[in-house]
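Enquirer: Sharing a structure here in structure tokens format.
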Amino acid sequence: MKALVNTAPYVLEIQDMPIPEAGPNDLLIRTKACAICGSDVKGYSGKTGRRQPPIVMGHEAAGVVEAVGAHVVGFSVGDRVCFDSTVYCNRCQYCLSGHINMCENRQVVGVSEGTYRRHGAMAEYVTVPYWIAVIMPDHLTFEQAALIETVSIGVHAANRTPLKLNDTVVIMGAGGVGLVALQAIRLKGAGKVIITDLSPSRLQMAAELGADVTVNAKTDDLLGALRAETGPEGSDATMEAVGIQPTIDTALEITRKAGVLTLIGNVQPRVEMGLQSIVSREITIYGVCASNGEFADCVELVAAGRINVDPFISERIPLEDGQAVFDKLYKGVEGNIRSVFVFD
Ligand SMILES: [Zn+2]
Ligand SMILES: [Zn+2]
């Protein structure tokens, strides 16, 4: 099969690889669409340590079942499927207590970080355990379905964020996850939603997807601009979907006393946080890691049109363009949410 292999930092090669064999619990899936995640773009540089070469990346994908392992239940050859990125074991204490994203034996599709290597879907075929896959409704396209992994993270973030009807929410970052968090928090009953980003086109998209107010983070006084919208108290909840020092600072400061701060982004592994501001104002902080069992719901939310992913598809590309597209995305492309590999 044809595969796009990250063979060295910044290098992607089209290689001919053997079609992976489906284990007893696996589906062998013929890939139809696979989106490039921001983590792939950072990962191919070798700087995150989570794409150690050689690795076939790709954890946001959909396709058609080509073969099923002996123990697979509920799937047949020919089913159109999409799948979650977290491969969990179904046996450890976290899995058994309903925290599958905290699985002791957790692997991620398309990731190699030293202890394991699991090839992903930037290839003509990929295998995943059947319990992370979902059969797609007929009217969903493969490209839409490939974006549901991203949806699951924004939905999990919204599920983690306690909210009362009409609460004011600030979202930092209008990338894929931020734009899903916006739609999910709206479904959960948020009142005024204010979103920030550096990109005018992403903010435009946020407005079209239901944000009440968009604020360009380049503005001289971002905190002042946000406070003008939340009122002097600040937001009831803030969702941070960037993960760098300045956005973390602003996110904490705009959150009102006894408010909630949900942290999704983690571009920088370490940032400083205002201890006194958190302690003396009784801020509740939630971390968000991938999703925890929401994937099937997300398929329904997208299929029903309650969460719209269509604007996220910035371009459709063949696998052969992988190197050029990654190089371009690494430099930064204004307004790009997802470049999606499409297969015949
Ligand atoms: Zn991703
Ligand atoms: Zn487990």
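Scheme for the structure tokens: letters A, B, ... for chains in order shown; per-chain residue numbers from 1; ligand numbers from 1 in order shown.
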Output the neighbourhood of ligand 2 as a list in words, that is, all protein and nucleic acid residues with some atom at most 8 Å from the ligand, counting only C-alpha atoms and all ligand atoms.
Expert: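 Selection of residues at most 8 Å from ligand 2: Tyr88, Cys89, Asn90, Arg91, Cys92, Gln93, Tyr94, Cys95, Leu96, Ile100, Met102, Cys103, Glu104, Asn105 and Arg106 of chain A.
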Enquirer: Could you tell me, as a ChimeraX atom specification, which residues of region 91-205 of chain A DSSP assigns to strand (DSSP E) when given the backbone?
Expert: /A:107-108,111-112,117-118,125-129,133-135,169-172,193-197
Enquirer: Let me see if you get this right: every residue at most 9 Å from ligand 1, counting only C-alpha atoms and all ligand atoms, written as a list of chain:residue names.
Expert: A:Ala35, A:Ile36, A:Cys37, A:Gly38, A:Ser39, A:Asp40, A:Gly58, A:His59, A:Glu60, A:Ser85, A:Glu149, A:Thr150, A:Ile153, A:Ala290
Enquirer: Wanna dump the region 223-272 of chain A-region 190-203 of chain A contacts at 10 Å for me, each residue with its shortest atom pair and the distance in Å to one decimal, counting only C-alpha atoms, ordered by chain and number, as JSON lines?
Expert:
```
{"residue": "A:Leu226", "atom": "CA", "partner": "A:Ile194", "partner_atom": "CA", "distance": 7.7}
{"residue": "A:Glu229", "atom": "CA", "partner": "A:Ile194", "partner_atom": "CA", "distance": 7.6}
{"residue": "A:Thr230", "atom": "CA", "partner": "A:Lys192", "partner_atom": "CA", "distance": 8.1}
{"residue": "A:Ser235", "atom": "CA", "partner": "A:Ile194", "partner_atom": "CA", "distance": 9.3}
{"residue": "A:Asp236", "atom": "CA", "partner": "A:Ala190", "partner_atom": "CA", "distance": 9.7}
{"residue": "A:Ala237", "atom": "CA", "partner": "A:Ala190", "partner_atom": "CA", "distance": 9.4}
{"residue": "A:Thr238", "atom": "CA", "partner": "A:Ile194", "partner_atom": "CA", "distance": 9.5}
{"residue": "A:Met239", "atom": "CA", "partner": "A:Ile195", "partner_atom": "CA", "distance": 9.4}
{"residue": "A:Glu240", "atom": "CA", "partner": "A:Thr196", "partner_atom": "CA", "distance": 9.9}
{"residue": "A:Ala241", "atom": "CA", "partner": "A:Asp197", "partner_atom": "CA", "distance": 9.9}
{"residue": "A:Val242", "atom": "CA", "partner": "A:Asp197", "partner_atom": "CA", "distance": 9.2}
{"residue": "A:Thr247", "atom": "CA", "partner": "A:Thr196", "partner_atom": "CA", "distance": 9.5}
```
Enquirer: Using only C-alpha atoms, which of A:Phe343, A:Phe83, A:Tyr330, A:Tyr10 sits nearest Tyr125 (chain A)?
Expert: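 Once distances to Tyr125 (chain A) are computed over only C-alpha atoms, the minimum belongs to A:Phe343.
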Enquirer: Go through A:Asn292, A:Asn308, A:Ser76, A:Gln52 one by one, measure the shortest atom-to-atom distance of each to Asn101 (chain A) using only C-alpha atoms, and give the residue with the smallest value.
Expert: A:Asn292
Enquirer: Do you know which residues are at most 12 Å from Trp131 (chain A) counting only C-alpha atoms, after dropping those on the same chain fewer than 6 positions away, and could you put them as a short mmCIF file (atom, residue, chain, number, x, y, z; two decimals) with N, CA and C atoms, in the first residue's frame?
Expert:
```cif
data_model
loop_
_atom_site.label_atom_id
_atom_site.label_comp_id
_atom_site.auth_asym_id
_atom_site.auth_seq_id
_atom_site.Cartn_x
_atom_site.Cartn_y
_atom_site.Cartn_z
N ASN A 25 -8.98 -8.38 17.29
CA ASN A 25 -9.95 -7.34 17.66
C ASN A 25 -10.00 -6.17 16.68
N ASP A 26 -9.26 -6.30 15.58
CA ASP A 26 -9.08 -5.14 14.70
C ASP A 26 -10.00 -5.11 13.49
N LEU A 27 -10.25 -3.89 13.05
CA LEU A 27 -10.81 -3.65 11.73
C LEU A 27 -9.67 -3.23 10.81
N HIS A 71 -12.47 -11.75 16.52
CA HIS A 71 -13.27 -11.40 17.71
C HIS A 71 -14.12 -10.15 17.52
N VAL A 72 -14.10 -9.59 16.34
CA VAL A 72 -14.83 -8.33 16.11
C VAL A 72 -16.34 -8.60 16.11
N VAL A 73 -17.07 -7.74 16.83
CA VAL A 73 -18.53 -7.82 16.79
C VAL A 73 -19.11 -6.48 16.34
N GLY A 74 -20.18 -6.55 15.56
CA GLY A 74 -20.90 -5.33 15.19
C GLY A 74 -20.42 -4.65 13.92
N PHE A 75 -19.42 -5.19 13.27
CA PHE A 75 -18.92 -4.58 12.03
C PHE A 75 -18.80 -5.65 10.94
N VAL A 81 -16.93 3.66 8.16
CA VAL A 81 -16.64 3.91 9.58
C VAL A 81 -15.71 5.11 9.77
N CYS A 82 -15.82 5.69 10.97
CA CYS A 82 -14.80 6.63 11.44
C CYS A 82 -14.41 6.17 12.83
N PHE A 83 -13.34 6.72 13.35
CA PHE A 83 -12.86 6.18 14.64
C PHE A 83 -12.21 7.25 15.49
N ASP A 84 -12.23 6.98 16.79
CA ASP A 84 -11.58 7.82 17.78
C ASP A 84 -10.07 7.63 17.66
N SER A 85 -9.31 8.56 18.23
CA SER A 85 -7.85 8.45 18.13
C SER A 85 -7.25 7.69 19.31
N THR A 86 -7.97 7.63 20.42
CA THR A 86 -7.45 6.96 21.61
C THR A 86 -7.72 5.46 21.54
N VAL A 87 -6.64 4.68 21.56
CA VAL A 87 -6.78 3.23 21.63
C VAL A 87 -6.63 2.85 23.10
N TYR A 88 -7.73 2.39 23.69
CA TYR A 88 -7.70 2.06 25.12
C TYR A 88 -7.87 0.55 25.28
N CYS A 89 -7.52 0.04 26.48
CA CYS A 89 -7.34 -1.41 26.60
C CYS A 89 -8.59 -2.16 27.05
N ASN A 90 -9.54 -1.43 27.65
CA ASN A 90 -10.77 -2.09 28.13
C ASN A 90 -10.54 -3.00 29.34
N ILE A 100 -11.68 6.14 29.98
CA ILE A 100 -10.89 5.47 28.94
C ILE A 100 -9.76 6.34 28.41
N GLY A 293 -15.32 8.81 25.73
CA GLY A 293 -16.57 8.10 25.44
C GLY A 293 -17.59 8.92 24.69
N PHE A 295 -17.32 9.92 21.53
CA PHE A 295 -17.14 9.88 20.08
C PHE A 295 -18.43 9.53 19.32
N ALA A 296 -19.15 8.52 19.80
CA ALA A 296 -20.39 8.12 19.10
C ALA A 296 -21.42 9.25 19.13
#
```
Enquirer: With only C-alpha atoms as the atoms that count, which of A:Glu66, A:Glu294, A:Asp327, A:Asp138 lies nearest to Ala158 (chain A)?
Expert: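 When distances to Ala158 (chain A) are compared using only C-alpha atoms, the smallest one comes from A:Glu294.
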Enquirer: Give me the residues near Arg51 (chain A) as a PyMOL selection string, where near means some atom within 6 Å (using only C-alpha atoms) and where sequence neighbours in that chain fewer than 3 positions away do not count.
Expert: chain A and resi 43+111-112
Enquirer: With C-alpha atoms retained, export the selected residues as a short mmCIF file (atom, residue, chain, number, x, y, z; two decimals), in the first residue's frame.
Expert:
```
data_model
loop_
_atom_site.label_atom_id
_atom_site.label_comp_id
_atom_site.auth_asym_id
_atom_site.auth_seq_id
_atom_site.Cartn_x
_atom_site.Cartn_y
_atom_site.Cartn_z
CA GLY A 43 5.11 16.48 15.38
CA VAL A 111 1.73 8.35 17.18
CA SER A 112 5.10 6.93 18.21
#
```
Enquirer: Which residue, A:His99, A:His119, A:Lys328, A:Lys32, has the smallest gap to Ala3 (chain A) when you use only C-alpha atoms?
Expert: A:His119
Enquirer: Applying 10 Å and only C-alpha atoms, which residues near Val325 (chain A) remain after dropping the ones on its own chain fewer than 6 positions away? List them as a PyMOL selection string.
Expert: chain A and resi 36+41+317-319+339
Enquirer: Between A:Val64, A:Met273, A:Met136, A:Ala70, which residue has the minimum interatomic distance to Glu300 (chain A), considering only C-alpha atoms?
Expert: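 The closest residue to Glu300 (chain A) is A:Met136.
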Enquirer: Rounded to one decimal in Å, what is the spacing between CA of Gln15 (chain A) and CA of Ala123 (chain A)?
Expert: 9.3 Å
Enquirer: Which residues of region 152-189 of chain A come within 10 Å of region 255-271 of chain A, and what is each one's closest atom pair and distance in Å (one decimal), counting only C-alpha atoms, sorted by chain and residue number, as JSON lines?
Expert:
```
{"residue": "A:Ile153", "atom": "CA", "partner": "A:Ile264", "partner_atom": "CA", "distance": 8.5}
{"residue": "A:Gly154", "atom": "CA", "partner": "A:Ile264", "partner_atom": "CA", "distance": 8.5}
{"residue": "A:His156", "atom": "CA", "partner": "A:Ile264", "partner_atom": "CA", "distance": 9.8}
{"residue": "A:Ala157", "atom": "CA", "partner": "A:Ile264", "partner_atom": "CA", "distance": 7.1}
{"residue": "A:Ala158", "atom": "CA", "partner": "A:Thr262", "partner_atom": "CA", "distance": 8.7}
{"residue": "A:Arg160", "atom": "CA", "partner": "A:Thr262", "partner_atom": "CA", "distance": 7.6}
{"residue": "A:Thr161", "atom": "CA", "partner": "A:Thr262", "partner_atom": "CA", "distance": 6.4}
{"residue": "A:Pro162", "atom": "CA", "partner": "A:Val260", "partner_atom": "CA", "distance": 7.5}
{"residue": "A:Leu163", "atom": "CA", "partner": "A:Val260", "partner_atom": "CA", "distance": 8.8}
{"residue": "A:Thr168", "atom": "CA", "partner": "A:Thr255", "partner_atom": "CA", "distance": 9.9}
{"residue": "A:Val169", "atom": "CA", "partner": "A:Thr255", "partner_atom": "CA", "distance": 8.9}
{"residue": "A:Val170", "atom": "CA", "partner": "A:Thr255", "partner_atom": "CA", "distance": 8.2}
{"residue": "A:Ile171", "atom": "CA", "partner": "A:Thr262", "partner_atom": "CA", "distance": 9.5}
{"residue": "A:Met172", "atom": "CA", "partner": "A:Gly265", "partner_atom": "CA", "distance": 9.3}
{"residue": "A:Gly173", "atom": "CA", "partner": "A:Gly265", "partner_atom": "CA", "distance": 8.8}
{"residue": "A:Val177", "atom": "CA", "partner": "A:Ile264", "partner_atom": "CA", "distance": 8.5}
{"residue": "A:Gly178", "atom": "CA", "partner": "A:Ile264", "partner_atom": "CA", "distance": 8.9}
{"residue": "A:Ala181", "atom": "CA", "partner": "A:Ile264", "partner_atom": "CA", "distance": 10.0}
```
Enquirer: For the residues selected in the previous step, produce a file with N, CA, C and O atoms as a compact mmCIF listing (two decimals), in the first residue's frame.
Expert:
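Written out: again_36.txt:
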```
# COMPACT_ATOMS: atom_id res chain seq x y z
N ILE A 153 -13.04 16.32 20.95
CA ILE A 153 -12.24 17.03 21.96
C ILE A 153 -12.97 18.29 22.43
O ILE A 153 -13.06 18.57 23.62
N GLY A 154 -13.55 19.03 21.48
CA GLY A 154 -14.33 20.21 21.86
C GLY A 154 -15.57 19.85 22.66
O GLY A 154 -15.94 20.56 23.61
N HIS A 156 -15.86 17.10 24.55
CA HIS A 156 -15.39 16.68 25.87
C HIS A 156 -15.07 17.90 26.74
O HIS A 156 -15.40 17.93 27.93
N ALA A 157 -14.46 18.91 26.13
CA ALA A 157 -14.16 20.14 26.87
C ALA A 157 -15.45 20.79 27.38
O ALA A 157 -15.51 21.25 28.52
N ALA A 158 -16.47 20.81 26.53
CA ALA A 158 -17.76 21.38 26.95
C ALA A 158 -18.39 20.53 28.05
O ALA A 158 -18.95 21.05 29.02
N ARG A 160 -16.78 18.83 30.23
CA ARG A 160 -16.00 19.01 31.46
C ARG A 160 -16.32 20.36 32.13
O ARG A 160 -16.01 20.53 33.30
N THR A 161 -16.88 21.29 31.39
CA THR A 161 -17.08 22.65 31.90
C THR A 161 -18.47 22.81 32.51
O THR A 161 -19.46 22.79 31.79
N PRO A 162 -18.56 22.95 33.83
CA PRO A 162 -19.89 23.12 34.44
C PRO A 162 -20.48 24.45 33.98
O PRO A 162 -19.77 25.45 33.91
N LEU A 163 -21.75 24.43 33.67
CA LEU A 163 -22.36 25.62 33.08
C LEU A 163 -23.83 25.70 33.47
O LEU A 163 -24.51 24.68 33.49
N THR A 168 -21.99 33.40 30.75
CA THR A 168 -21.10 34.06 29.78
C THR A 168 -19.79 33.28 29.68
O THR A 168 -19.18 32.95 30.69
N VAL A 169 -19.42 32.96 28.44
CA VAL A 169 -18.24 32.11 28.21
C VAL A 169 -17.26 32.84 27.29
O VAL A 169 -17.66 33.39 26.26
N VAL A 170 -15.99 32.83 27.67
CA VAL A 170 -14.92 33.30 26.80
C VAL A 170 -14.15 32.10 26.28
O VAL A 170 -13.80 31.21 27.06
N ILE A 171 -13.92 32.05 24.97
CA ILE A 171 -13.11 30.98 24.37
C ILE A 171 -11.86 31.62 23.78
O ILE A 171 -11.95 32.55 22.97
N MET A 172 -10.70 31.12 24.19
CA MET A 172 -9.43 31.61 23.66
C MET A 172 -8.98 30.65 22.57
O MET A 172 -8.67 29.50 22.85
N GLY A 173 -8.97 31.13 21.32
CA GLY A 173 -8.49 30.28 20.23
C GLY A 173 -9.62 29.76 19.37
O GLY A 173 -10.50 29.05 19.84
N VAL A 177 -10.60 22.94 17.47
CA VAL A 177 -11.16 22.59 18.78
C VAL A 177 -11.94 23.76 19.37
O VAL A 177 -13.04 23.59 19.90
N GLY A 178 -11.39 24.98 19.27
CA GLY A 178 -12.09 26.15 19.79
C GLY A 178 -13.42 26.37 19.10
O GLY A 178 -14.43 26.70 19.74
N ALA A 181 -15.73 23.78 20.46
CA ALA A 181 -16.11 24.13 21.83
C ALA A 181 -17.19 25.21 21.81
O ALA A 181 -18.15 25.16 22.59
```
Enquirer: Contacts of Gly78 (chain A) at 10 Å or less, counting only C-alpha atoms, minus same-chain residues fewer than 5 places along, as number ranges by chain?
Expert: A: 29-30, 63-67
Enquirer: Pull all heavy atoms from the residues just selected and write them as a PDB file, in the first residue's frame.
Expert:
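Final file, result-v9.pdb:
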```pdb
ATOM      1  N   ILE A  29      -9.145  -1.032   7.759  1.00  0.00           N
ATOM      2  CA  ILE A  29      -9.952   0.021   7.128  1.00  0.00           C
ATOM      3  C   ILE A  29      -9.212   0.569   5.919  1.00  0.00           C
ATOM      4  O   ILE A  29      -8.025   0.894   6.000  1.00  0.00           O
ATOM      5  CB  ILE A  29     -10.226   1.162   8.141  1.00  0.00           C
ATOM      6  CG1 ILE A  29     -11.047   0.626   9.320  1.00  0.00           C
ATOM      7  CG2 ILE A  29     -10.937   2.335   7.466  1.00  0.00           C
ATOM      8  CD1 ILE A  29     -11.090   1.559  10.515  1.00  0.00           C
ATOM      9  N   ARG A  30      -9.922   0.639   4.798  1.00  0.00           N
ATOM     10  CA  ARG A  30      -9.382   1.310   3.623  1.00  0.00           C
ATOM     11  C   ARG A  30      -9.667   2.803   3.779  1.00  0.00           C
ATOM     12  O   ARG A  30     -10.826   3.226   3.830  1.00  0.00           O
ATOM     13  CB  ARG A  30     -10.050   0.763   2.354  1.00  0.00           C
ATOM     14  CG  ARG A  30      -9.421   1.281   1.092  1.00  0.00           C
ATOM     15  CD  ARG A  30     -10.104   0.712  -0.155  1.00  0.00           C
ATOM     16  NE  ARG A  30      -9.575   1.371  -1.332  1.00  0.00           N
ATOM     17  CZ  ARG A  30      -8.536   0.935  -2.033  1.00  0.00           C
ATOM     18  NH1 ARG A  30      -7.963  -0.198  -1.734  1.00  0.00           N
ATOM     19  NH2 ARG A  30      -8.089   1.630  -3.064  1.00  0.00           N
ATOM     20  N   GLY A  63     -13.104   5.722   6.707  1.00  0.00           N
ATOM     21  CA  GLY A  63     -12.906   4.843   5.570  1.00  0.00           C
ATOM     22  C   GLY A  63     -13.908   3.702   5.541  1.00  0.00           C
ATOM     23  O   GLY A  63     -14.970   3.776   6.172  1.00  0.00           O
ATOM     24  N   VAL A  64     -13.520   2.655   4.813  1.00  0.00           N
ATOM     25  CA  VAL A  64     -14.426   1.518   4.617  1.00  0.00           C
ATOM     26  C   VAL A  64     -13.764   0.246   5.161  1.00  0.00           C
ATOM     27  O   VAL A  64     -12.580   0.007   4.896  1.00  0.00           O
ATOM     28  CB  VAL A  64     -14.737   1.333   3.109  1.00  0.00           C
ATOM     29  CG1 VAL A  64     -15.625   0.113   2.889  1.00  0.00           C
ATOM     30  CG2 VAL A  64     -15.401   2.580   2.547  1.00  0.00           C
ATOM     31  N   VAL A  65     -14.529  -0.536   5.905  1.00  0.00           N
ATOM     32  CA  VAL A  65     -13.990  -1.773   6.480  1.00  0.00           C
ATOM     33  C   VAL A  65     -13.675  -2.757   5.352  1.00  0.00           C
ATOM     34  O   VAL A  65     -14.528  -3.067   4.508  1.00  0.00           O
ATOM     35  CB  VAL A  65     -14.986  -2.404   7.480  1.00  0.00           C
ATOM     36  CG1 VAL A  65     -14.464  -3.763   7.965  1.00  0.00           C
ATOM     37  CG2 VAL A  65     -15.219  -1.472   8.660  1.00  0.00           C
ATOM     38  N   GLU A  66     -12.426  -3.213   5.359  1.00  0.00           N
ATOM     39  CA  GLU A  66     -11.946  -4.122   4.314  1.00  0.00           C
ATOM     40  C   GLU A  66     -11.863  -5.561   4.839  1.00  0.00           C
ATOM     41  O   GLU A  66     -12.046  -6.520   4.108  1.00  0.00           O
ATOM     42  CB  GLU A  66     -10.562  -3.649   3.862  1.00  0.00           C
ATOM     43  CG  GLU A  66      -9.971  -4.387   2.701  1.00  0.00           C
ATOM     44  CD  GLU A  66     -10.346  -3.787   1.356  1.00  0.00           C
ATOM     45  OE1 GLU A  66     -11.009  -2.723   1.342  1.00  0.00           O
ATOM     46  OE2 GLU A  66      -9.998  -4.379   0.331  1.00  0.00           O
ATOM     47  N   ALA A  67     -11.586  -5.684   6.150  1.00  0.00           N
ATOM     48  CA  ALA A  67     -11.512  -7.019   6.773  1.00  0.00           C
ATOM     49  C   ALA A  67     -11.740  -6.858   8.267  1.00  0.00           C
ATOM     50  O   ALA A  67     -11.489  -5.789   8.831  1.00  0.00           O
ATOM     51  CB  ALA A  67     -10.142  -7.646   6.520  1.00  0.00           C
TER      52      ALA A  67
END
```
Enquirer: Could you check which of A:Val309, A:Ala145, A:Ile55, A:Ile132 is closest to Ile14 (chain A), using only C-alpha atoms?
Expert: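 So, comparing all the options, the nearest one is A:Ile55.
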Enquirer: Could you give me the residues within region 194-289 of chain A that DSSP places in helix (DSSP H, G or I), as a PyMOL selection string?
Expert: chain A and resi 200-208+222-230+245-254+275-280
